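Just final07.txt here, compact mmCIF, C-alpha atoms and all ligand atoms:
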```txt
# COMPACT_ATOMS: atom_id res chain seq x y z
CA MET A 1 72.34 9.00 56.20
CA LYS A 2 75.20 11.48 56.10
CA ILE A 3 78.82 11.02 55.07
CA THR A 4 81.49 13.50 56.12
CA ILE A 5 84.71 13.13 54.18
CA LEU A 6 87.60 13.86 56.56
CA GLY A 7 90.28 12.83 54.09
CA CYS A 8 90.20 11.25 50.66
CA TYR A 9 93.66 11.40 49.14
CA ALA A 10 96.14 8.55 48.77
CA ALA A 11 99.47 8.15 50.50
CA THR A 12 100.83 11.20 52.35
CA PRO A 13 99.22 14.03 54.30
CA ARG A 14 99.80 17.43 52.63
CA THR A 15 99.14 21.04 53.59
CA LEU A 16 95.61 21.03 52.28
CA THR A 17 94.74 17.36 51.81
CA ASN A 18 94.45 14.40 54.12
CA PRO A 19 94.66 10.64 53.68
CA THR A 20 91.59 8.47 54.11
CA SER A 21 88.98 8.84 56.82
CA GLN A 22 85.22 9.33 56.83
CA VAL A 23 82.41 9.67 59.31
CA LEU A 24 79.11 7.99 58.58
CA GLU A 25 75.99 9.04 60.47
CA ILE A 26 73.35 6.34 60.14
CA CYS A 27 70.19 6.07 62.27
CA ASN A 28 71.79 8.27 64.95
CA ARG A 29 74.91 6.14 65.12
CA ILE A 30 78.29 7.65 64.29
CA PHE A 31 80.79 5.34 62.62
CA LEU A 32 84.38 6.24 61.83
CA ILE A 33 85.61 4.58 58.63
CA ASP A 34 89.40 4.41 58.38
CA CYS A 35 91.53 6.68 60.49
CA ALA A 36 94.59 8.08 58.76
CA GLU A 37 96.98 10.63 60.19
CA GLY A 38 95.21 13.93 60.78
CA THR A 39 91.83 12.34 61.50
CA GLN A 40 91.59 13.95 64.96
CA VAL A 41 92.17 17.41 63.55
CA GLN A 42 89.65 16.79 60.79
CA LEU A 43 87.09 15.55 63.33
CA ARG A 44 87.57 18.79 65.26
CA LYS A 45 87.32 20.94 62.14
CA ASN A 46 84.10 19.20 61.17
CA LYS A 47 82.72 19.52 64.71
CA ILE A 48 82.17 15.82 65.26
CA ARG A 49 81.98 14.99 68.94
CA PHE A 50 84.64 12.44 69.89
CA SER A 51 82.40 10.94 72.53
CA GLN A 52 79.84 9.91 69.90
CA ILE A 53 82.27 7.58 68.14
CA ASN A 54 81.87 4.06 69.50
CA HIS A 55 82.77 2.02 66.42
CA VAL A 56 85.76 2.35 64.12
CA PHE A 57 86.05 0.32 60.90
CA ILE A 58 89.54 -0.06 59.44
CA SER A 59 89.77 -1.36 55.87
CA HIS A 60 93.43 -2.41 55.86
CA LEU A 61 96.74 -1.83 57.52
CA HIS A 62 98.35 0.57 55.06
CA GLY A 63 99.39 3.71 56.92
CA ASP A 64 97.19 6.06 54.92
CA HIS A 65 94.16 4.28 56.43
CA PHE A 66 95.01 3.76 60.11
CA TYR A 67 98.08 5.68 61.32
CA GLY A 68 95.78 8.09 63.16
CA LEU A 69 94.14 5.37 65.23
CA VAL A 70 96.57 5.11 68.13
CA GLY A 71 96.54 8.91 68.43
CA LEU A 72 92.77 8.95 68.59
CA ILE A 73 92.73 6.17 71.19
CA SER A 74 95.24 8.13 73.23
CA THR A 75 93.20 11.35 72.99
CA PHE A 76 90.07 9.49 74.11
CA MET A 77 92.13 8.45 77.14
CA LEU A 78 93.22 12.04 77.88
CA LEU A 79 89.60 13.16 77.59
CA ASN A 80 88.77 10.61 80.27
CA ARG A 81 86.48 8.61 78.05
CA GLN A 82 84.50 5.94 79.88
CA THR A 83 82.47 4.41 77.05
CA ASP A 84 83.55 1.23 75.28
CA LEU A 85 85.29 1.60 71.94
CA HIS A 86 84.97 -1.11 69.28
CA ILE A 87 87.57 -1.43 66.57
CA HIS A 88 86.82 -3.60 63.55
CA GLY A 89 89.84 -4.27 61.37
CA PRO A 90 92.25 -6.83 59.93
CA LYS A 91 94.01 -9.34 62.12
CA GLY A 92 97.13 -7.73 63.56
CA ILE A 93 95.51 -4.43 64.47
CA LYS A 94 95.17 -5.42 68.12
CA GLU A 95 98.83 -6.35 68.43
CA ILE A 96 99.96 -3.11 66.76
CA ILE A 97 97.83 -0.84 68.92
CA LEU A 98 98.50 -2.65 72.19
CA LEU A 99 102.25 -2.65 71.51
CA GLN A 100 102.20 1.11 71.00
CA LEU A 101 100.22 1.61 74.20
CA LYS A 102 102.48 -0.76 76.10
CA TYR A 103 105.71 1.00 75.15
CA SER A 104 104.28 4.40 75.96
CA ASN A 105 103.11 3.00 79.28
CA SER A 106 99.57 4.09 78.43
CA TYR A 107 96.44 2.27 79.45
CA THR A 108 92.96 3.28 78.52
CA GLY A 109 90.42 3.82 81.29
CA TYR A 110 87.72 2.62 78.91
CA ASN A 111 87.21 -0.80 77.39
CA LEU A 112 88.86 -1.30 74.04
CA PHE A 113 87.34 -4.15 72.05
CA PHE A 114 89.07 -5.43 68.95
CA HIS A 115 87.06 -7.36 66.37
CA GLU A 116 89.73 -8.78 64.10
CA LEU A 117 88.81 -9.81 60.58
CA THR A 118 90.32 -12.68 58.64
CA SER A 119 87.57 -13.93 56.35
CA THR A 120 87.85 -13.57 52.59
CA GLU A 121 84.06 -14.00 52.32
CA SER A 122 81.61 -11.24 53.14
CA GLU A 123 80.40 -11.44 56.75
CA ILE A 124 78.21 -9.48 59.13
CA ILE A 125 80.46 -7.63 61.57
CA PHE A 126 77.96 -5.35 63.30
CA GLU A 127 74.25 -5.54 63.85
CA ASP A 128 71.75 -3.84 66.13
CA ASP A 129 68.04 -3.01 65.87
CA LYS A 130 68.53 -0.35 63.18
CA VAL A 131 71.76 -1.03 61.30
CA ILE A 132 73.71 -3.91 59.79
CA VAL A 133 77.33 -3.78 58.58
CA ARG A 134 78.91 -6.35 56.28
CA THR A 135 82.42 -6.65 54.91
CA ILE A 136 83.09 -6.35 51.19
CA PRO A 137 86.24 -8.39 50.43
CA LEU A 138 88.53 -6.27 48.24
CA LYS A 139 91.60 -7.06 46.14
CA HIS A 140 94.63 -5.07 47.20
CA ARG A 141 98.29 -5.69 48.04
CA ILE A 142 97.40 -6.75 51.58
CA TYR A 143 94.26 -8.14 53.22
CA THR A 144 91.55 -5.49 52.75
CA ASN A 145 87.83 -5.14 53.35
CA GLY A 146 85.35 -2.56 52.22
CA PHE A 147 82.18 -2.12 54.28
CA LEU A 148 78.50 -2.15 53.41
CA PHE A 149 76.40 -0.08 55.82
CA GLU A 150 72.73 -0.82 55.61
CA GLU A 151 69.68 0.55 57.41
CA LYS A 152 67.18 -2.06 58.51
CA PRO A 153 63.62 -1.65 57.20
CA LYS A 154 61.95 1.16 59.11
CA GLU A 155 58.64 0.93 60.91
CA ARG A 156 55.51 2.01 59.01
CA LYS A 157 54.28 5.58 59.36
CA LEU A 158 51.08 6.12 61.28
CA ASN A 159 48.16 7.64 59.35
CA VAL A 160 46.97 9.88 62.16
CA GLU A 161 43.73 10.80 60.41
CA ALA A 162 42.80 7.14 59.97
CA VAL A 163 43.57 6.03 63.53
CA GLU A 164 41.56 8.98 64.87
CA LYS A 165 38.66 8.16 62.56
CA TYR A 166 38.40 4.67 64.11
CA SER A 167 39.14 6.01 67.64
CA ILE A 168 41.98 3.55 68.05
CA ASP A 169 43.68 3.79 71.43
CA LYS A 170 47.28 5.04 71.49
CA CYS A 171 48.45 1.81 73.12
CA TYR A 172 47.96 0.07 69.75
CA TYR A 173 50.09 2.57 67.81
CA GLN A 174 53.33 0.62 68.08
CA ASN A 175 51.64 -2.57 66.86
CA ILE A 176 50.23 -0.63 63.93
CA LYS A 177 53.66 0.81 63.10
CA ASN A 178 54.98 -2.77 63.21
CA GLY A 179 52.52 -3.72 60.47
CA LYS A 180 49.70 -5.35 62.46
CA ASP A 181 45.99 -5.13 61.54
CA ILE A 182 43.59 -3.90 64.22
CA ILE A 183 40.34 -5.49 65.41
CA LEU A 184 37.87 -2.88 66.64
CA ASP A 185 35.56 -3.42 69.63
CA ASN A 186 32.70 -4.19 67.21
CA GLY A 187 34.75 -7.07 65.76
CA LYS A 188 35.57 -5.34 62.49
CA THR A 189 39.15 -5.75 61.25
CA ILE A 190 40.93 -2.68 59.90
CA SER A 191 43.82 -3.59 57.65
CA ASN A 192 47.22 -2.09 58.37
CA LYS A 193 47.33 -0.56 54.90
CA GLU A 194 44.45 1.70 55.85
CA LEU A 195 46.19 2.88 59.02
CA THR A 196 49.73 3.47 57.80
CA PHE A 197 51.89 4.85 55.03
CA ASP A 198 54.95 3.14 53.56
CA PRO A 199 58.17 4.10 55.36
CA LEU A 200 61.14 5.53 53.48
CA PRO A 201 63.11 2.68 51.86
CA PRO A 202 66.20 1.71 53.86
CA LYS A 203 69.46 3.18 52.58
CA LYS A 204 72.70 1.41 51.71
CA TYR A 205 76.21 2.83 51.55
CA ALA A 206 79.19 0.87 50.25
CA TYR A 207 82.73 1.95 51.05
CA CYS A 208 85.39 0.35 48.83
CA SER A 209 88.94 1.50 49.37
CA ASP A 210 91.57 0.30 48.50
CA THR A 211 91.01 -2.12 45.66
CA MET A 212 91.89 -3.03 42.14
CA TYR A 213 89.08 -3.54 39.62
CA ASN A 214 87.08 -6.43 41.05
CA GLU A 215 83.72 -7.51 39.65
CA GLU A 216 83.30 -10.04 42.47
CA MET A 217 82.03 -7.24 44.72
CA ILE A 218 79.10 -6.43 42.43
CA PRO A 219 76.44 -8.79 43.89
CA LEU A 220 77.22 -7.40 47.36
CA ILE A 221 76.83 -3.75 46.41
CA ASN A 222 73.92 -4.16 44.01
CA GLU A 223 71.73 -1.02 43.80
CA VAL A 224 73.38 0.77 46.72
CA ASP A 225 72.31 4.37 47.25
CA ALA A 226 75.94 5.45 47.19
CA LEU A 227 79.18 3.69 46.35
CA TYR A 228 82.46 5.20 47.47
CA HIS A 229 85.04 3.57 45.22
CA GLU A 230 88.69 4.42 45.14
CA ALA A 231 90.12 5.97 41.99
CA THR A 232 93.78 6.39 42.70
CA PHE A 233 94.75 6.82 39.06
CA LEU A 234 93.49 7.88 35.65
CA GLU A 235 93.58 5.57 32.62
CA THR A 236 96.89 7.17 31.56
CA GLU A 237 98.44 5.34 34.54
CA THR A 238 96.76 1.95 34.06
CA GLU A 239 100.05 0.14 34.40
CA LYS A 240 100.73 1.78 37.76
CA ALA A 241 97.18 0.99 38.88
CA ASN A 242 97.63 -2.70 38.04
CA LYS A 243 101.03 -2.88 39.68
CA THR A 244 99.91 -1.25 42.94
CA MET A 245 96.50 -2.97 42.91
CA HIS A 246 94.51 0.24 42.76
CA SER A 247 91.76 1.37 40.37
CA THR A 248 91.36 4.05 37.75
CA ALA A 249 88.39 6.42 37.64
CA LEU A 250 87.04 4.59 34.61
CA GLU A 251 87.25 1.24 36.42
CA ALA A 252 85.45 2.65 39.48
CA ALA A 253 82.70 3.96 37.22
CA THR A 254 82.40 0.59 35.47
CA ILE A 255 81.84 -1.11 38.84
CA ALA A 256 79.20 1.51 39.74
CA LYS A 257 77.46 0.93 36.42
CA LEU A 258 77.49 -2.88 36.69
CA ALA A 259 76.24 -2.68 40.30
CA LYS A 260 73.50 -0.20 39.28
CA ALA A 261 74.59 2.11 42.08
CA LYS A 262 72.49 5.25 42.37
CA GLN A 263 75.52 7.43 42.98
CA LEU A 264 79.29 7.03 42.74
CA ILE A 265 81.63 8.91 45.03
CA LEU A 266 85.24 8.94 43.86
CA GLY A 267 88.24 9.35 46.15
CA HIS A 268 91.71 8.14 47.16
CA TYR A 269 93.25 10.26 44.42
CA SER A 270 96.97 9.99 43.92
CA THR A 271 98.61 13.24 44.96
CA ARG A 272 100.38 13.34 41.56
CA TYR A 273 97.29 14.96 40.01
CA GLU A 274 96.84 18.70 40.29
CA ASN A 275 93.17 18.73 39.35
CA ILE A 276 90.71 16.11 40.57
CA GLU A 277 88.04 17.20 38.04
CA MET A 278 89.80 14.92 35.55
CA PHE A 279 88.62 11.92 37.58
CA LYS A 280 85.03 12.96 37.10
CA THR A 281 85.48 13.58 33.39
CA GLU A 282 87.00 10.14 32.89
CA ALA A 283 84.37 8.35 35.01
CA GLU A 284 81.51 10.10 33.20
CA GLU A 285 82.39 8.15 30.07
CA VAL A 286 80.47 5.21 31.59
CA PHE A 287 78.46 6.50 34.58
CA SER A 288 76.55 9.71 35.07
CA ASN A 289 75.80 10.38 38.75
CA ILE A 290 79.28 11.10 40.09
CA LEU A 291 80.45 13.08 43.07
CA LEU A 292 84.07 13.88 43.75
CA ALA A 293 84.90 13.39 47.41
CA ASP A 294 86.96 16.16 48.92
CA ASP A 295 88.16 16.84 52.43
CA GLY A 296 85.41 18.46 54.48
CA LYS A 297 82.67 17.60 51.99
CA ILE A 298 79.34 16.46 53.45
CA ILE A 299 77.21 14.08 51.42
CA GLU A 300 73.60 13.53 52.47
CA LEU A 301 71.80 10.46 51.16
CA GLU A 302 68.15 11.44 51.10
ZN ZN B 401 95.30 3.85 50.57
ZN ZN B 402 96.29 0.51 50.51
```
Would you write the structure of this file as structure tokens?
Ligand SMILES: [Zn+2]
Ligand SMILES: [Zn+2]
Amino acid sequence: MKITILGCYAATPRTLTNPTSQVLEICNRIFLIDCAEGTQVQLRKNKIRFSQINHVFISHLHGDHFYGLVGLISTFMLLNRQTDLHIHGPKGIKEIILLQLKYSNSYTGYNLFFHELTSTESEIIFEDDKVIVRTIPLKHRIYTNGFLFEEKPKERKLNVEAVEKYSIDKCYYQNIKNGKDIILDNGKTISNKELTFDPLPPKKYAYCSDTMYNEEMIPLINEVDALYHEATFLETETEKANKTMHSTALEAATIAKLAKAKQLILGHYSTRYENIEMFKTEAEEVFSNILLADDGKIIELE
């Protein structure tokens, strides 16, 4: 699993920093998470092929999370995209995008599917044979969801030495990888344990931006491999954080600690701060494995 941070600052685009957008590569799927202004340029800079993006997940309808979406849709059109594009986001997103396309007399040559979200309970919004995506209801000034991206359990790894020892035909390999025992021609049963190794445990990534401190999310993100949690402010601006329904670095770290996350990634920093290291220092008061997101940073979850 690989996360590329395209932008991780709050509010406005600046010369060297971008508002929120990330690319998640999971089991050979490429998901775009939020799509602020500048996302297209950041995708180019990070050499992510536009044609590989088939699913976009939008957390909420504040501009610093989706004002780049209509531009991206329009570029896909100019590039003569043919593949379907799925957009998962709050109710209203379809109307906004279609209105913009309508008044610019633009129509996509590819199918645009909107999956509008309204539930305040966590729900599955994407599932295929390898990956499952759930919403994480967040508390912010408008309707907002985080997303939990989860790999499905992988197939078992073949113990080549063992299958060769018993002269098992290749046509049984897939059954073995699926966990089945094998009965040899002489009637003897060979248990799957003898023929396979445990696969790598499936990985989980939780994306939570924007939100105020909210312990209700903890059962959903329990023991995730990485938690991206917004930290717009430091504790010195607690009042501002409460008023704008954002979190401080210390609050983000407290959520990571309570959820027993393996790693915390901080982002969505207010542009008022000159030095983002202060976010790490503050968060380390309660949680130790912290990474500061920054534009262009690549985070591999091994
Ligand atoms: Zn924001
Ligand atoms: Zn917001």
> Given the choices A:Gln40, A:Asn28, A:Thr12, A:Thr189, which gets closest to ligand ZN 402 (chain B) if the distance is worked out from only C-alpha atoms and all ligand atoms?
Replying inline: A:Thr12
>> Just checking: using all atoms listed in the file, which residue out of A:Ile124, A:Ile30, A:Ile132, A:Leu266 ends up closest to Leu292 in chain A?
In response: A:Leu266
Using all atoms listed in the file, what table do you get, as a Markdown table, when you list each residue of chain A with an atom no more than 7 Å from ligand ZN 402 (chain B), its nearest pair of atoms, and their distance in Å rounded to one decimal, rows by chain then rising number?
```
| residue | atom | partner | partner_atom | distance |
| --- | --- | --- | --- | --- |
| A:His60 | CA | B:ZN402 | ZN | 6.7 |
| A:His62 | CA | B:ZN402 | ZN | 5.0 |
| A:His140 | CA | B:ZN402 | ZN | 6.7 |
| A:Arg141 | CA | B:ZN402 | ZN | 7.0 |
| A:Asp210 | CA | B:ZN402 | ZN | 5.1 |
```
With all atoms listed in the file counted, collect every polymer residue having an atom within 7 Å of ligand ZN 401 (chain B); state the result as a PDB file with C-alpha atoms, in the frame of the given file.
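And here is the file that came out, pocket_11.pdb:
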```pdb
ATOM      1  CA  ALA A  10      96.140   8.550  48.770  1.00  0.00           C
ATOM      2  CA  ALA A  11      99.470   8.150  50.500  1.00  0.00           C
ATOM      3  CA  THR A  20      91.590   8.470  54.110  1.00  0.00           C
ATOM      4  CA  HIS A  62      98.350   0.570  55.060  1.00  0.00           C
ATOM      5  CA  ASP A  64      97.190   6.060  54.920  1.00  0.00           C
ATOM      6  CA  HIS A  65      94.160   4.280  56.430  1.00  0.00           C
ATOM      7  CA  SER A 209      88.940   1.500  49.370  1.00  0.00           C
ATOM      8  CA  ASP A 210      91.570   0.300  48.500  1.00  0.00           C
ATOM      9  CA  HIS A 268      91.710   8.140  47.160  1.00  0.00           C
TER      10      HIS A 268
END
```
Dump as a short mmCIF file (atom, residue, chain, number, x, y, z; two decimals) with C-alpha atoms, in the frame of the given file all residues having an atom at most 8 Å from (89.7, 11.7, 61.6), computed in the file's coordinates with all atoms listed in the file.
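Output below, filename selection-v5.cif:
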```cif
data_model
loop_
_atom_site.label_atom_id
_atom_site.label_comp_id
_atom_site.auth_asym_id
_atom_site.auth_seq_id
_atom_site.Cartn_x
_atom_site.Cartn_y
_atom_site.Cartn_z
CA LEU A 6 87.60 13.86 56.56
CA GLY A 7 90.28 12.83 54.09
CA SER A 21 88.98 8.84 56.82
CA GLN A 22 85.22 9.33 56.83
CA VAL A 23 82.41 9.67 59.31
CA LEU A 32 84.38 6.24 61.83
CA ASP A 34 89.40 4.41 58.38
CA CYS A 35 91.53 6.68 60.49
CA ALA A 36 94.59 8.08 58.76
CA GLU A 37 96.98 10.63 60.19
CA GLY A 38 95.21 13.93 60.78
CA THR A 39 91.83 12.34 61.50
CA GLN A 40 91.59 13.95 64.96
CA VAL A 41 92.17 17.41 63.55
CA GLN A 42 89.65 16.79 60.79
CA LEU A 43 87.09 15.55 63.33
CA GLY A 68 95.78 8.09 63.16
#
```
Which range 47-156 of chain A residues have any atom within 12 Å of an atom of range 228-233 of chain A, and for each, what is the nearest pair of atoms with distance in Å to one decimal, counting all atoms listed in the file, rows sorted by chain and number, as a tab-separated table?
```
residue	atom	partner	partner_atom	distance
A:Ile136	CA	A:His229	CA	11.7
A:Leu138	CA	A:His229	CA	10.9
A:Lys139	CA	A:Glu230	CA	11.9
A:His140	CA	A:Glu230	CA	11.4
A:Gly146	CA	A:His229	CA	9.3
A:Phe147	CA	A:Tyr228	CA	10.0
A:Leu148	CA	A:Tyr228	CA	10.2
A:Phe149	CA	A:Tyr228	CA	11.6
```
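Excluding Ser51 in chain A itself and any same-chain residue fewer than 4 positions from it, the protein and nucleic acid residues within 9 Å of it, counting only C-alpha atoms, are Phe76, Arg81 and Thr83 of chain A.
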